[in-house]
Amino acid sequence: MRPAATLPRVPGPRRTTPGHRGDLVVLAVEAALLAAAVAVGLVLNRRGAGLHADAAPLYATWRPHVGWGTPLAVLVAVVVLGPGLRWARTARWPALLAAGWLAAVAWTLSLALVDGWSAGLTRRLTPQAEYLHEVPGVADIPRMLAGFTDRILDFQPDSWSTHTAGHPPGALLVFVWLDRIGLGGGTAAALCCVLVGATAAVSVPVTLRALGAADAARAVLPFLVLLPGAVWLGASGDAVFTGVVAAGLALLAVRGPVAALAGGLLLGFALHLSYGFVLVGALALAVLALRRDGRRAALLAAAAGVAAVTALFVLAGFRWWEGYDRVVERYYQGWAAERPYAYWVWANLAALLLSAGPVLGPALRRAALVASRVVGPALRRTALVASRVVGPALRRTALVASRVVGPALRRGALAGQPVRRADAQGADGPVAGTTGTGDDGRGRVRVFGPTVLLPAAAALAVAAADLSGMSKAEVERIWLPFVVWLLVAAAHLPPPARRWWLAAQALTALAVNHLLFTVS
């Protein structure tokens, strides 16, 4: 028997140290990517390359400043990093969600107020390119919807402004409806964006808990509160988009077809907030696949909701697919025609890092490691099963062939005599009866869990958007509806390290907001 003294004595450190080292390596890669994007952006701007982003890779201008929101933002970060992080592990669920939403609102507002009440909030949505510019001209909503597509292209007397033209009419409708109920103007619109955008800090944890990952929901919530992307949530229309998409996905996760129908209605409306939200389908399918039961009923209910909203818009005169065709043309009537794809296709990822925070890379790395631990054994089991099935089958096939071909050649089968099919009794038996690992497709999906599949689906959507060429710059706010789902991977971080990563998130947001003046 082997002496106990010869056994390895330090398994713990060898398991943890490489993990932290790997995180630091990924962090260094992130820093290199960001530095390269900034440096190349400076060079291209000096050469007049048409980036149309003074602080590339962000759509912003360099303007170091402080404001009366500065101490408020620091205070919120300290509270969340201190007692908030401890309380999140043990608090009652309803109280935790309420506190999470309030903290997200406070964080977003305090960051906005670094730029001042007027520049940071009330005038943020009033420039000519924004939705509010078009609200006074919408006297008849049905008429606006019926003629919306005709006004998308630029260089017409009645062309829509930039943001309105670049989105389906649902985005404009949000602010028209606010105006109709007496909440018109820049202040009400900005506050609406903040309040709705902050609900993502509730919807994402609700989704995780409904999918059986309650501990992950508690771990991820603080990262959604101190989201660096809050710099753009307050205030832009993308904050509303983020809240609507997150709420729709959360309803798909909750039990019951009625909730799924409501989720489908919200996601159908989201499809008419942004053309890019066709990519939310990947997240929706992931949520439905991760449900514990009632997947088919939820899928049908959600599809019915999306179809109902789409049908209403079609009946009103707006066809999503026609609008998209015009938007592609309008996109290249503006700055997109000059912005170099060769820069933005990778610099967009640097902008994403500043919106999602430095935790993104390490969190995704750890989620990928978890997936590899599942996929690796599964592939080995599949290969083993295949070898057990294919090996004997090949041997039997060779034996049958030798029994058929040999006599046939001797009888002169090549002269035209038919070759009789040999009796291969039992040859197909093992193949037909093989069940692999014994799991059905849904079981194989659920084994990954929401903290792997949801970030993977969000990453797939971001990659598709990036490669499409329809997202050249400004993705720090445009991709916010996917950023909150990418951060679900933060649940894989070891608990002792979470406070440090969360502090890095807060510092990223504070640095961006105090060094730059961001533009929505």
# chains A, B, ... in the order shown; residues from 1 in each chain; ligands from 1
$ select_by_dssp --residues "region 67-169 of chain A" --states "helix (DSSP H, G or I)" --output "JSON, numbers by chain"
{"A": [70, 71, 72, 73, 74, 75, 76, 77, 78, 79, 80, 81, 82, 83, 84, 85, 86, 87, 88, 93, 94, 95, 96, 97, 98, 99, 100, 101, 102, 103, 104, 105, 106, 107, 108, 109, 110, 111, 112, 113, 114, 115, 117, 118, 119, 120, 121, 122, 131, 132, 133, 135, 136, 137, 141, 142, 143, 144, 145, 146, 149, 150, 151, 162, 163, 164, 165, 169]}
$ residues_around --residues "Asp23 (chain A)" --least-positions-apart "5" --cutoff "9 Å" --atoms "only C-alpha atoms" --output "number ranges by chain"
A: 18, 28, 359, 361-363, 365-366
$ write_last_selection --atoms "all heavy atoms" --output "compact mmCIF listing (two decimals), in the first residue's frame"
# COMPACT_ATOMS: atom_id res chain seq x y z
N PRO A 18 -4.37 28.63 -10.35
CA PRO A 18 -4.47 28.77 -11.81
C PRO A 18 -5.73 29.50 -12.25
O PRO A 18 -5.72 30.21 -13.25
CB PRO A 18 -4.47 27.31 -12.29
CG PRO A 18 -3.79 26.55 -11.20
CD PRO A 18 -4.20 27.22 -9.94
N ALA A 28 -5.59 41.13 -18.57
CA ALA A 28 -4.51 41.77 -19.34
C ALA A 28 -4.86 41.85 -20.82
O ALA A 28 -4.56 42.85 -21.49
CB ALA A 28 -3.21 40.97 -19.15
N VAL A 359 -15.05 42.73 -15.53
CA VAL A 359 -15.41 41.38 -15.08
C VAL A 359 -15.88 40.50 -16.22
O VAL A 359 -15.92 39.27 -16.09
CB VAL A 359 -16.50 41.46 -13.99
CG1 VAL A 359 -17.88 41.73 -14.61
CG2 VAL A 359 -16.56 40.17 -13.18
N GLY A 361 -14.68 39.47 -19.24
CA GLY A 361 -13.80 38.42 -19.76
C GLY A 361 -13.58 37.28 -18.77
O GLY A 361 -13.78 36.11 -19.11
N PRO A 362 -13.16 37.57 -17.52
CA PRO A 362 -12.98 36.49 -16.55
C PRO A 362 -14.26 35.70 -16.28
O PRO A 362 -14.22 34.48 -16.11
CB PRO A 362 -12.51 37.23 -15.30
CG PRO A 362 -11.85 38.46 -15.82
CD PRO A 362 -12.64 38.86 -17.02
N ALA A 363 -15.39 36.39 -16.24
CA ALA A 363 -16.66 35.69 -15.98
C ALA A 363 -16.99 34.74 -17.13
O ALA A 363 -17.37 33.58 -16.91
CB ALA A 363 -17.79 36.69 -15.78
N ARG A 365 -14.88 33.47 -19.20
CA ARG A 365 -13.88 32.40 -19.18
C ARG A 365 -14.29 31.30 -18.22
O ARG A 365 -14.20 30.11 -18.55
CB ARG A 365 -12.53 32.99 -18.77
CG ARG A 365 -11.47 31.94 -18.47
CD ARG A 365 -10.20 32.55 -17.89
NE ARG A 365 -9.35 31.51 -17.32
CZ ARG A 365 -9.44 31.06 -16.09
NH1 ARG A 365 -10.35 31.56 -15.27
NH2 ARG A 365 -8.64 30.11 -15.65
N ARG A 366 -14.73 31.68 -17.04
CA ARG A 366 -15.14 30.67 -16.06
C ARG A 366 -16.40 29.93 -16.50
O ARG A 366 -16.54 28.72 -16.26
CB ARG A 366 -15.33 31.31 -14.69
CG ARG A 366 -14.01 31.72 -14.04
CD ARG A 366 -14.19 32.33 -12.67
NE ARG A 366 -12.91 32.62 -12.05
CZ ARG A 366 -12.23 31.78 -11.27
NH1 ARG A 366 -12.71 30.58 -11.04
NH2 ARG A 366 -11.07 32.14 -10.74
$ residues_around --residues "Gly229 (chain A)" --least-positions-apart "5" --cutoff "7 Å" --atoms "only C-alpha atoms" --output "VMD selection string"
chain A and resid 355 to 356 480
$ closest_residue --among "A:Glu30, A:Ala230, A:Ala336, A:Gly170" --to "Leu312 (chain A)" --atoms "only C-alpha atoms"
A:Gly170
$ closest_residue --among "A:Phe517, A:Phe269, A:Trp107, A:Trp501" --to "Val225 (chain A)" --atoms "only C-alpha atoms"
A:Trp107
$ closest_residue --among "A:Pro71, A:Ala342, A:Ala491, A:Val462" --to "Ala49 (chain A)" --atoms "only C-alpha atoms"
A:Ala342
$ residues_around --residues "Met470 (chain A)" --least-positions-apart "5" --cutoff "9 Å" --atoms "only C-alpha atoms" --output "MDAnalysis selection string"
chainID A and resid 276 328 331 336 465
$ closest_residue --among "A:Ala165, A:Leu454, A:Arg180, A:Ser274" --to "Ala286 (chain A)" --atoms "only C-alpha atoms"
A:Leu454
$ closest_residue --among "A:Gly197, A:Gly22, A:Gly294, A:Gly268" --to "Trp232 (chain A)" --atoms "only C-alpha atoms"
A:Gly197
$ closest_residue --among "A:Leu279, A:Ala188, A:Ala260, A:Ala473" --to "Ala303 (chain A)" --atoms "only C-alpha atoms"
A:Ala260
